[in-house]
>>> print(open('upload_22.pdb').read())   # PDB, C-alpha atoms
ATOM      1  CA  MET A 308     -36.963 -40.824  -7.385
ATOM      2  CA  ASN A 309     -37.620 -40.340  -3.665
ATOM      3  CA  ARG A 310     -39.756 -37.183  -3.874
ATOM      4  CA  LYS A 311     -39.855 -36.567  -0.118
ATOM      5  CA  ILE A 312     -36.048 -36.461   0.216
ATOM      6  CA  PHE A 313     -35.655 -34.307  -2.900
ATOM      7  CA  ASP A 314     -38.350 -31.903  -1.651
ATOM      8  CA  GLN A 315     -36.395 -31.565   1.603
ATOM      9  CA  TYR A 316     -33.192 -30.965  -0.363
ATOM     10  CA  ARG A 317     -34.888 -28.264  -2.467
ATOM     11  CA  GLU A 318     -36.247 -26.491   0.628
ATOM     12  CA  LEU A 319     -32.769 -26.433   2.185
ATOM     13  CA  LEU A 320     -31.264 -25.138  -1.057
ATOM     14  CA  LEU A 321     -33.773 -22.291  -1.346
ATOM     15  CA  ARG A 322     -33.416 -21.350   2.324
ATOM     16  CA  TRP A 323     -29.598 -21.245   2.238
ATOM     17  CA  ASN A 324     -29.643 -19.561  -1.163
ATOM     18  CA  GLU A 325     -31.238 -16.440   0.327
ATOM     19  CA  THR A 326     -28.018 -15.837   2.287
ATOM     20  CA  TYR A 327     -25.246 -17.644   0.422
ATOM     21  CA  ASN A 328     -26.174 -17.424  -3.287
ATOM     22  CA  LEU A 329     -25.579 -21.104  -4.047
ATOM     23  CA  THR A 330     -27.572 -21.247  -7.295
ATOM     24  CA  SER A 331     -29.093 -18.808  -9.785
ATOM     25  CA  ILE A 332     -31.959 -21.267 -10.323
ATOM     26  CA  THR A 333     -34.742 -20.645  -7.796
ATOM     27  CA  ASP A 334     -37.898 -21.831  -9.577
ATOM     28  CA  PRO A 335     -38.926 -25.203  -8.015
ATOM     29  CA  GLU A 336     -39.615 -26.830 -11.405
ATOM     30  CA  GLU A 337     -36.264 -25.651 -12.774
ATOM     31  CA  ILE A 338     -34.479 -26.982  -9.697
ATOM     32  CA  GLN A 339     -36.259 -30.302 -10.206
ATOM     33  CA  ILE A 340     -35.229 -30.577 -13.863
ATOM     34  CA  LYS A 341     -31.925 -28.672 -14.165
ATOM     35  CA  HIS A 342     -30.406 -29.799 -10.874
ATOM     36  CA  PHE A 343     -32.049 -33.036  -9.715
ATOM     37  CA  GLU A 344     -33.065 -34.781 -12.945
ATOM     38  CA  ASP A 345     -29.954 -33.605 -14.786
ATOM     39  CA  SER A 346     -27.765 -34.991 -11.984
ATOM     40  CA  LEU A 347     -29.548 -38.336 -12.166
ATOM     41  CA  ALA A 348     -29.143 -38.631 -15.960
ATOM     42  CA  VAL A 349     -25.694 -40.049 -15.249
ATOM     43  CA  LEU A 350     -26.922 -43.084 -13.257
ATOM     44  CA  PRO A 351     -26.812 -45.570 -16.187
ATOM     45  CA  PHE A 352     -23.093 -44.815 -16.590
ATOM     46  CA  LEU A 353     -22.133 -45.455 -12.954
ATOM     47  CA  PRO A 354     -21.276 -48.716 -11.170
ATOM     48  CA  ALA A 355     -23.642 -50.069  -8.507
ATOM     49  CA  LYS A 356     -20.878 -49.922  -5.868
ATOM     50  CA  GLY A 357     -17.480 -48.332  -5.373
ATOM     51  CA  ARG A 358     -16.000 -44.917  -4.606
ATOM     52  CA  LEU A 359     -17.183 -41.795  -6.450
ATOM     53  CA  LEU A 360     -15.588 -38.346  -6.299
ATOM     54  CA  ASP A 361     -17.659 -35.315  -7.302
ATOM     55  CA  ILE A 362     -15.239 -32.485  -8.102
ATOM     56  CA  GLY A 363     -16.480 -28.919  -7.804
ATOM     57  CA  SER A 364     -19.778 -30.164  -6.401
ATOM     58  CA  GLY A 365     -21.094 -26.685  -5.535
ATOM     59  CA  ALA A 366     -24.478 -27.155  -3.861
ATOM     60  CA  GLY A 367     -24.061 -30.933  -4.133
ATOM     61  CA  PHE A 368     -24.690 -31.592  -7.820
ATOM     62  CA  PRO A 369     -24.483 -34.275  -9.050
ATOM     63  CA  GLY A 370     -23.041 -36.064  -5.995
ATOM     64  CA  ILE A 371     -25.913 -35.771  -3.511
ATOM     65  CA  PRO A 372     -28.708 -36.790  -5.938
ATOM     66  CA  ILE A 373     -26.521 -39.725  -7.037
ATOM     67  CA  LYS A 374     -26.032 -40.755  -3.392
ATOM     68  CA  ILE A 375     -29.784 -40.562  -2.701
ATOM     69  CA  GLU A 376     -30.540 -42.884  -5.620
ATOM     70  CA  ARG A 377     -27.428 -45.097  -5.313
ATOM     71  CA  PRO A 378     -26.931 -45.493  -1.547
ATOM     72  CA  GLU A 379     -24.369 -48.301  -2.045
ATOM     73  CA  LEU A 380     -21.872 -45.865  -3.582
ATOM     74  CA  GLU A 381     -19.345 -44.237  -1.277
ATOM     75  CA  VAL A 382     -19.406 -40.563  -2.328
ATOM     76  CA  VAL A 383     -16.940 -37.750  -1.674
ATOM     77  CA  LEU A 384     -17.905 -34.155  -2.514
ATOM     78  CA  LEU A 385     -14.972 -31.802  -3.116
ATOM     79  CA  ASP A 386     -15.337 -28.031  -3.423
ATOM     80  CA  SER A 387     -13.020 -25.072  -2.870
ATOM     81  CA  GLN A 388     -15.633 -22.716  -1.385
ATOM     82  CA  ARG A 389     -16.418 -23.045   2.314
ATOM     83  CA  LYS A 390     -20.038 -21.843   2.004
ATOM     84  CA  ARG A 391     -20.732 -24.656  -0.433
ATOM     85  CA  THR A 392     -19.131 -27.373   1.675
ATOM     86  CA  ASP A 393     -20.954 -26.059   4.770
ATOM     87  CA  PHE A 394     -24.239 -26.306   2.869
ATOM     88  CA  CYS A 395     -23.486 -29.830   1.626
ATOM     89  CA  ARG A 396     -22.642 -30.968   5.166
ATOM     90  CA  GLU A 397     -25.990 -29.613   6.353
ATOM     91  CA  VAL A 398     -27.828 -31.457   3.554
ATOM     92  CA  VAL A 399     -26.010 -34.704   4.400
ATOM     93  CA  ARG A 400     -26.910 -34.245   8.086
ATOM     94  CA  GLN A 401     -30.563 -33.331   7.542
ATOM     95  CA  LEU A 402     -31.188 -36.051   4.950
ATOM     96  CA  CYS A 403     -29.367 -38.627   7.143
ATOM     97  CA  LEU A 404     -27.143 -39.765   4.267
ATOM     98  CA  LYS A 405     -24.475 -42.370   5.087
ATOM     99  CA  ASP A 406     -21.054 -43.011   3.506
ATOM    100  CA  ILE A 407     -20.784 -39.522   2.044
ATOM    101  CA  ILE A 408     -17.916 -37.188   2.905
ATOM    102  CA  VAL A 409     -17.793 -33.456   2.209
ATOM    103  CA  SER A 410     -14.240 -32.194   1.686
ATOM    104  CA  HIS A 411     -13.041 -28.614   1.381
ATOM    105  CA  GLY A 412     -10.081 -28.122  -0.959
ATOM    106  CA  ARG A 413      -8.811 -27.564  -4.467
ATOM    107  CA  ILE A 414      -8.548 -30.376  -7.008
ATOM    108  CA  GLU A 415      -5.051 -29.201  -8.044
ATOM    109  CA  ASP A 416      -3.691 -29.488  -4.485
ATOM    110  CA  GLU A 417      -1.410 -32.534  -4.140
ATOM    111  CA  ALA A 418      -2.174 -32.814  -0.417
ATOM    112  CA  VAL A 419      -5.897 -33.075  -1.209
ATOM    113  CA  CYS A 420      -5.193 -35.843  -3.723
ATOM    114  CA  GLN A 421      -3.098 -37.784  -1.183
ATOM    115  CA  ARG A 422      -5.737 -37.306   1.530
ATOM    116  CA  LEU A 423      -8.668 -38.483  -0.597
ATOM    117  CA  GLY A 424      -6.986 -41.388  -2.415
ATOM    118  CA  LEU A 425      -8.194 -43.161  -5.550
ATOM    119  CA  PHE A 426     -11.746 -43.495  -6.891
ATOM    120  CA  ASP A 427     -13.589 -45.856  -9.212
ATOM    121  CA  VAL A 428     -15.383 -42.858 -10.753
ATOM    122  CA  VAL A 429     -14.469 -39.176 -10.862
ATOM    123  CA  ILE A 430     -17.296 -36.915 -11.984
ATOM    124  CA  SER A 431     -17.954 -33.223 -12.585
ATOM    125  CA  ARG A 432     -20.901 -31.277 -13.959
ATOM    126  CA  ALA A 433     -19.584 -28.516 -16.275
ATOM    127  CA  THR A 434     -17.265 -27.156 -13.584
ATOM    128  CA  PHE A 435     -13.997 -26.780 -15.536
ATOM    129  CA  PRO A 436     -12.979 -26.596 -19.194
ATOM    130  CA  LEU A 437     -12.949 -30.188 -20.451
ATOM    131  CA  GLU A 438      -9.195 -30.507 -21.049
ATOM    132  CA  LYS A 439      -8.276 -29.028 -17.664
ATOM    133  CA  PHE A 440     -10.752 -31.231 -15.853
ATOM    134  CA  LEU A 441      -9.434 -34.438 -17.445
ATOM    135  CA  GLU A 442      -5.837 -33.539 -16.555
ATOM    136  CA  THR A 443      -6.602 -32.643 -12.952
ATOM    137  CA  ALA A 444      -9.029 -35.545 -12.395
ATOM    138  CA  LEU A 445      -6.583 -38.216 -13.591
ATOM    139  CA  PRO A 446      -4.542 -38.479 -10.345
ATOM    140  CA  TYR A 447      -7.765 -39.299  -8.462
ATOM    141  CA  CYS A 448      -8.833 -42.043 -10.870
ATOM    142  CA  ALA A 449      -8.013 -45.675 -10.044
ATOM    143  CA  PRO A 450      -6.539 -47.934 -12.773
ATOM    144  CA  LEU A 451      -9.369 -48.903 -15.170
ATOM    145  CA  GLY A 452     -11.574 -46.398 -13.365
ATOM    146  CA  GLY A 453     -13.799 -43.896 -15.113
ATOM    147  CA  ILE A 454     -13.963 -40.150 -15.513
ATOM    148  CA  VAL A 455     -17.498 -38.985 -16.266
ATOM    149  CA  VAL A 456     -17.959 -35.479 -17.617
ATOM    150  CA  MET A 457     -21.344 -33.738 -17.801
ATOM    151  CA  ARG A 458     -21.354 -30.937 -20.375
ATOM    152  CA  GLY A 459     -23.716 -28.370 -21.879
ATOM    153  CA  SER A 460     -24.856 -27.765 -25.445
ATOM    154  CA  GLU A 461     -21.352 -26.868 -26.737
ATOM    155  CA  TRP A 462     -19.936 -30.264 -25.813
ATOM    156  CA  LYS A 463     -19.047 -31.294 -29.394
ATOM    157  CA  LYS A 464     -16.898 -28.185 -29.918
ATOM    158  CA  GLU A 465     -15.238 -28.663 -26.521
ATOM    159  CA  LEU A 466     -14.461 -32.305 -27.258
ATOM    160  CA  ALA A 467     -13.058 -31.517 -30.705
ATOM    161  CA  ALA A 468     -10.801 -28.785 -29.273
ATOM    162  CA  ALA A 469      -9.555 -30.766 -26.248
ATOM    163  CA  THR A 470      -6.312 -32.718 -26.076
ATOM    164  CA  ILE A 471      -7.218 -35.955 -24.327
ATOM    165  CA  PRO A 472      -4.489 -37.413 -22.057
ATOM    166  CA  LYS A 473      -2.940 -40.575 -23.507
ATOM    167  CA  SER A 474      -3.915 -42.594 -20.444
ATOM    168  CA  LEU A 475      -7.615 -41.940 -21.100
ATOM    169  CA  ARG A 476      -9.909 -43.432 -23.716
ATOM    170  CA  LEU A 477     -13.330 -41.991 -24.584
ATOM    171  CA  ILE A 478     -15.693 -44.952 -24.418
ATOM    172  CA  GLN A 479     -19.126 -43.308 -24.534
ATOM    173  CA  GLU A 480     -20.868 -40.137 -25.717
ATOM    174  CA  HIS A 481     -24.454 -39.703 -24.589
ATOM    175  CA  PRO A 482     -26.300 -36.556 -25.767
ATOM    176  CA  TYR A 483     -29.680 -35.908 -24.137
ATOM    177  CA  THR A 484     -32.292 -33.179 -23.741
ATOM    178  CA  LEU A 485     -33.847 -32.043 -20.476
ATOM    179  CA  ARG A 486     -37.647 -32.186 -20.444
ATOM    180  CA  ASN A 487     -39.791 -29.074 -20.956
ATOM    181  CA  ASP A 488     -37.180 -27.721 -23.406
ATOM    182  CA  MET A 489     -34.785 -26.871 -20.580
ATOM    183  CA  GLY A 490     -31.630 -27.453 -22.565
ATOM    184  CA  SER A 491     -29.438 -30.029 -24.266
ATOM    185  CA  ARG A 492     -26.610 -31.800 -22.483
ATOM    186  CA  ALA A 493     -24.121 -34.618 -22.942
ATOM    187  CA  ILE A 494     -22.392 -37.182 -20.777
ATOM    188  CA  LEU A 495     -18.867 -38.190 -21.812
ATOM    189  CA  VAL A 496     -17.390 -41.337 -20.264
ATOM    190  CA  PHE A 497     -13.629 -41.867 -20.266
ATOM    191  CA  GLN A 498     -11.760 -44.931 -19.010
ATOM    192  CA  LYS A 499      -8.267 -44.816 -17.541
ATOM    193  CA  VAL A 500      -6.225 -47.302 -19.545
ATOM    194  CA  GLY A 501      -2.672 -46.387 -18.543
ATOM    195  CA  GLU A 502      -0.583 -44.569 -15.975
ATOM    196  CA  SER A 503      -1.381 -40.871 -15.523
TER     197      SER A 503
END
>>> encode(input="upload_22.pdb", output="structure tokens")
Amino acid sequence: MNRKIFDQYRELLLRWNETYNLTSITDPEEIQIKHFEDSLAVLPFLPAKGRLLDIGSGAGFPGIPIKIERPELEVVLLDSQRKRTDFCREVVRQLCLKDIIVSHGRIEDEAVCQRLGLFDVVISRATFPLEKFLETALPYCAPLGGIVVMRGSEWKKELAAATIPKSLRLIQEHPYTLRNDMGSRAILVFQKVGES
């Protein structure tokens, strides 16, 4: 992990947070673990190259940490709130990140889908209910592409209750625990196997 870049990111987050309320987490160690390290837990499940869409990226999680550690990936951050996209653009500018686009819009908007195109990986970190996210992420996912879902401690109940679209197959479940007892999480990896 490039500590200098992540320290810069954290400073920007805390500074903007005073005005724009981007995160409820303000303790530096919690930011390090719950935002940065949690975002990077997904790296083993991502390709080395390709296009990645982070839906509902908020203050840039997990998309910006992924981009820092996987510079070869072309990353698009999508969020519906202007203050969040403005912040992400400032982070991208200040950290001099390349091949990363910040887009303002709603995932459900057909015009947004047409504008952004198809992605090898669509990802979200506990932004929507599981079933809704899978349905709305599908149009953005390329054939044989992946949808990666990062969930909290109730992930088993959510998965059991969700109706999974027929064009998706769950190929991996990865439960994990954040260090310093900061919570349990899971990464669910779906592959698109048919037409959405």
>>> resolve_selection(input="upload_22.pdb", expression="the PyMOL selection byres ((chain A and resi 498) around 8)", output="PyMOL selection string")
chain A and resi 451-454+475-478+496-497+499-500
>>> closest_residue(input="upload_22.pdb", among="A:Leu319, A:Ala493, A:Ile408, A:Val429", to="Val382 in chain A", atoms="only C-alpha atoms")
A:Ile408
>>> resolve_selection(input="upload_22.pdb", expression="the PyMOL selection byres ((chain A and resi 347) around 12)", output="ChimeraX atom specification")
/A:308-309,313,339-346,348-353,368-377,432,457,485,494
>>> write_last_selection(input="upload_22.pdb", atoms="C-alpha atoms", output="PDB file, in the frame of the given file")
ATOM      1  CA  MET A 308     -36.963 -40.824  -7.385  1.00  0.00           C
ATOM      2  CA  ASN A 309     -37.620 -40.340  -3.665  1.00  0.00           C
ATOM      3  CA  PHE A 313     -35.655 -34.307  -2.900  1.00  0.00           C
ATOM      4  CA  GLN A 339     -36.259 -30.302 -10.206  1.00  0.00           C
ATOM      5  CA  ILE A 340     -35.229 -30.577 -13.863  1.00  0.00           C
ATOM      6  CA  LYS A 341     -31.925 -28.672 -14.165  1.00  0.00           C
ATOM      7  CA  HIS A 342     -30.406 -29.799 -10.874  1.00  0.00           C
ATOM      8  CA  PHE A 343     -32.049 -33.036  -9.715  1.00  0.00           C
ATOM      9  CA  GLU A 344     -33.065 -34.781 -12.945  1.00  0.00           C
ATOM     10  CA  ASP A 345     -29.954 -33.605 -14.786  1.00  0.00           C
ATOM     11  CA  SER A 346     -27.765 -34.991 -11.984  1.00  0.00           C
ATOM     12  CA  ALA A 348     -29.143 -38.631 -15.960  1.00  0.00           C
ATOM     13  CA  VAL A 349     -25.694 -40.049 -15.249  1.00  0.00           C
ATOM     14  CA  LEU A 350     -26.922 -43.084 -13.257  1.00  0.00           C
ATOM     15  CA  PRO A 351     -26.812 -45.570 -16.187  1.00  0.00           C
ATOM     16  CA  PHE A 352     -23.093 -44.815 -16.590  1.00  0.00           C
ATOM     17  CA  LEU A 353     -22.133 -45.455 -12.954  1.00  0.00           C
ATOM     18  CA  PHE A 368     -24.690 -31.592  -7.820  1.00  0.00           C
ATOM     19  CA  PRO A 369     -24.483 -34.275  -9.050  1.00  0.00           C
ATOM     20  CA  GLY A 370     -23.041 -36.064  -5.995  1.00  0.00           C
ATOM     21  CA  ILE A 371     -25.913 -35.771  -3.511  1.00  0.00           C
ATOM     22  CA  PRO A 372     -28.708 -36.790  -5.938  1.00  0.00           C
ATOM     23  CA  ILE A 373     -26.521 -39.725  -7.037  1.00  0.00           C
ATOM     24  CA  LYS A 374     -26.032 -40.755  -3.392  1.00  0.00           C
ATOM     25  CA  ILE A 375     -29.784 -40.562  -2.701  1.00  0.00           C
ATOM     26  CA  GLU A 376     -30.540 -42.884  -5.620  1.00  0.00           C
ATOM     27  CA  ARG A 377     -27.428 -45.097  -5.313  1.00  0.00           C
ATOM     28  CA  ARG A 432     -20.901 -31.277 -13.959  1.00  0.00           C
ATOM     29  CA  MET A 457     -21.344 -33.738 -17.801  1.00  0.00           C
ATOM     30  CA  LEU A 485     -33.847 -32.043 -20.476  1.00  0.00           C
ATOM     31  CA  ILE A 494     -22.392 -37.182 -20.777  1.00  0.00           C
TER      32      ILE A 494
END
>>> residues_around(input="upload_22.pdb", residues="Thr333 in chain A", least_positions_apart="4", cutoff="8 Å", atoms="only C-alpha atoms", output="tab-separated table (two decimals) with C-alpha atoms, in the frame of the given file")
chain	number	residue	atom	x	y	z
A	321	LEU	CA	-33.77	-22.29	-1.35
A	337	GLU	CA	-36.26	-25.65	-12.77
A	338	ILE	CA	-34.48	-26.98	-9.70
>>> residues_around(input="upload_22.pdb", residues="Gly459 in chain A", least_positions_apart="3", cutoff="7 Å", atoms="all atoms listed in the file", output="list in words")
Ala433, Trp462, Ser491, Arg492 and Ala493 of chain A
>>> axis_aligned_box(input="upload_22.pdb", around="range 452-459 of chain A", padding_each_side="6 Å", output="JSON")
{"center_x": -17.6, "center_y": -37.4, "center_z": -17.6, "size_x": 24.1, "size_y": 30.0, "size_z": 20.5}
>>> decode(input="upload_22.pdb", residues="range 396-431 of chain A", atoms="C-alpha atoms", output="tab-separated table (two decimals), in the first residue's frame")
chain	number	residue	atom	x	y	z
A	396	ARG	CA	-12.71	14.77	-8.96
A	397	GLU	CA	-10.57	16.75	-6.52
A	398	VAL	CA	-8.97	13.55	-5.18
A	399	VAL	CA	-8.24	12.34	-8.72
A	400	ARG	CA	-6.69	15.74	-9.55
A	401	GLN	CA	-4.60	16.06	-6.39
A	402	LEU	CA	-3.36	12.46	-6.46
A	403	CYS	CA	-2.60	12.74	-10.22
A	404	LEU	CA	-4.52	9.55	-11.03
A	405	LYS	CA	-4.81	8.61	-14.72
A	406	ASP	CA	-7.53	6.68	-16.59
A	407	ILE	CA	-10.18	7.35	-13.95
A	408	ILE	CA	-13.44	9.12	-14.77
A	409	VAL	CA	-15.88	10.57	-12.25
A	410	SER	CA	-19.46	10.55	-13.52
A	411	HIS	CA	-22.52	12.16	-11.96
A	412	GLY	CA	-25.77	10.25	-12.49
A	413	ARG	CA	-28.13	7.54	-11.36
A	414	ILE	CA	-27.49	3.86	-12.08
A	415	GLU	CA	-31.14	3.37	-13.14
A	416	ASP	CA	-30.93	6.08	-15.83
A	417	GLU	CA	-30.81	4.53	-19.32
A	418	ALA	CA	-28.94	7.54	-20.71
A	419	VAL	CA	-26.19	7.02	-18.11
A	420	CYS	CA	-25.91	3.36	-19.10
A	421	GLN	CA	-25.62	4.26	-22.80
A	422	ARG	CA	-23.06	6.99	-22.05
A	423	LEU	CA	-20.80	4.79	-19.91
A	424	GLY	CA	-20.98	1.56	-21.94
A	425	LEU	CA	-20.00	-1.93	-20.80
A	426	PHE	CA	-17.51	-2.96	-18.10
A	427	ASP	CA	-15.47	-6.05	-17.30
A	428	VAL	CA	-16.29	-5.56	-13.60
A	429	VAL	CA	-19.13	-3.71	-11.88
A	430	ILE	CA	-18.61	-3.20	-8.17
A	431	SER	CA	-20.41	-1.63	-5.21
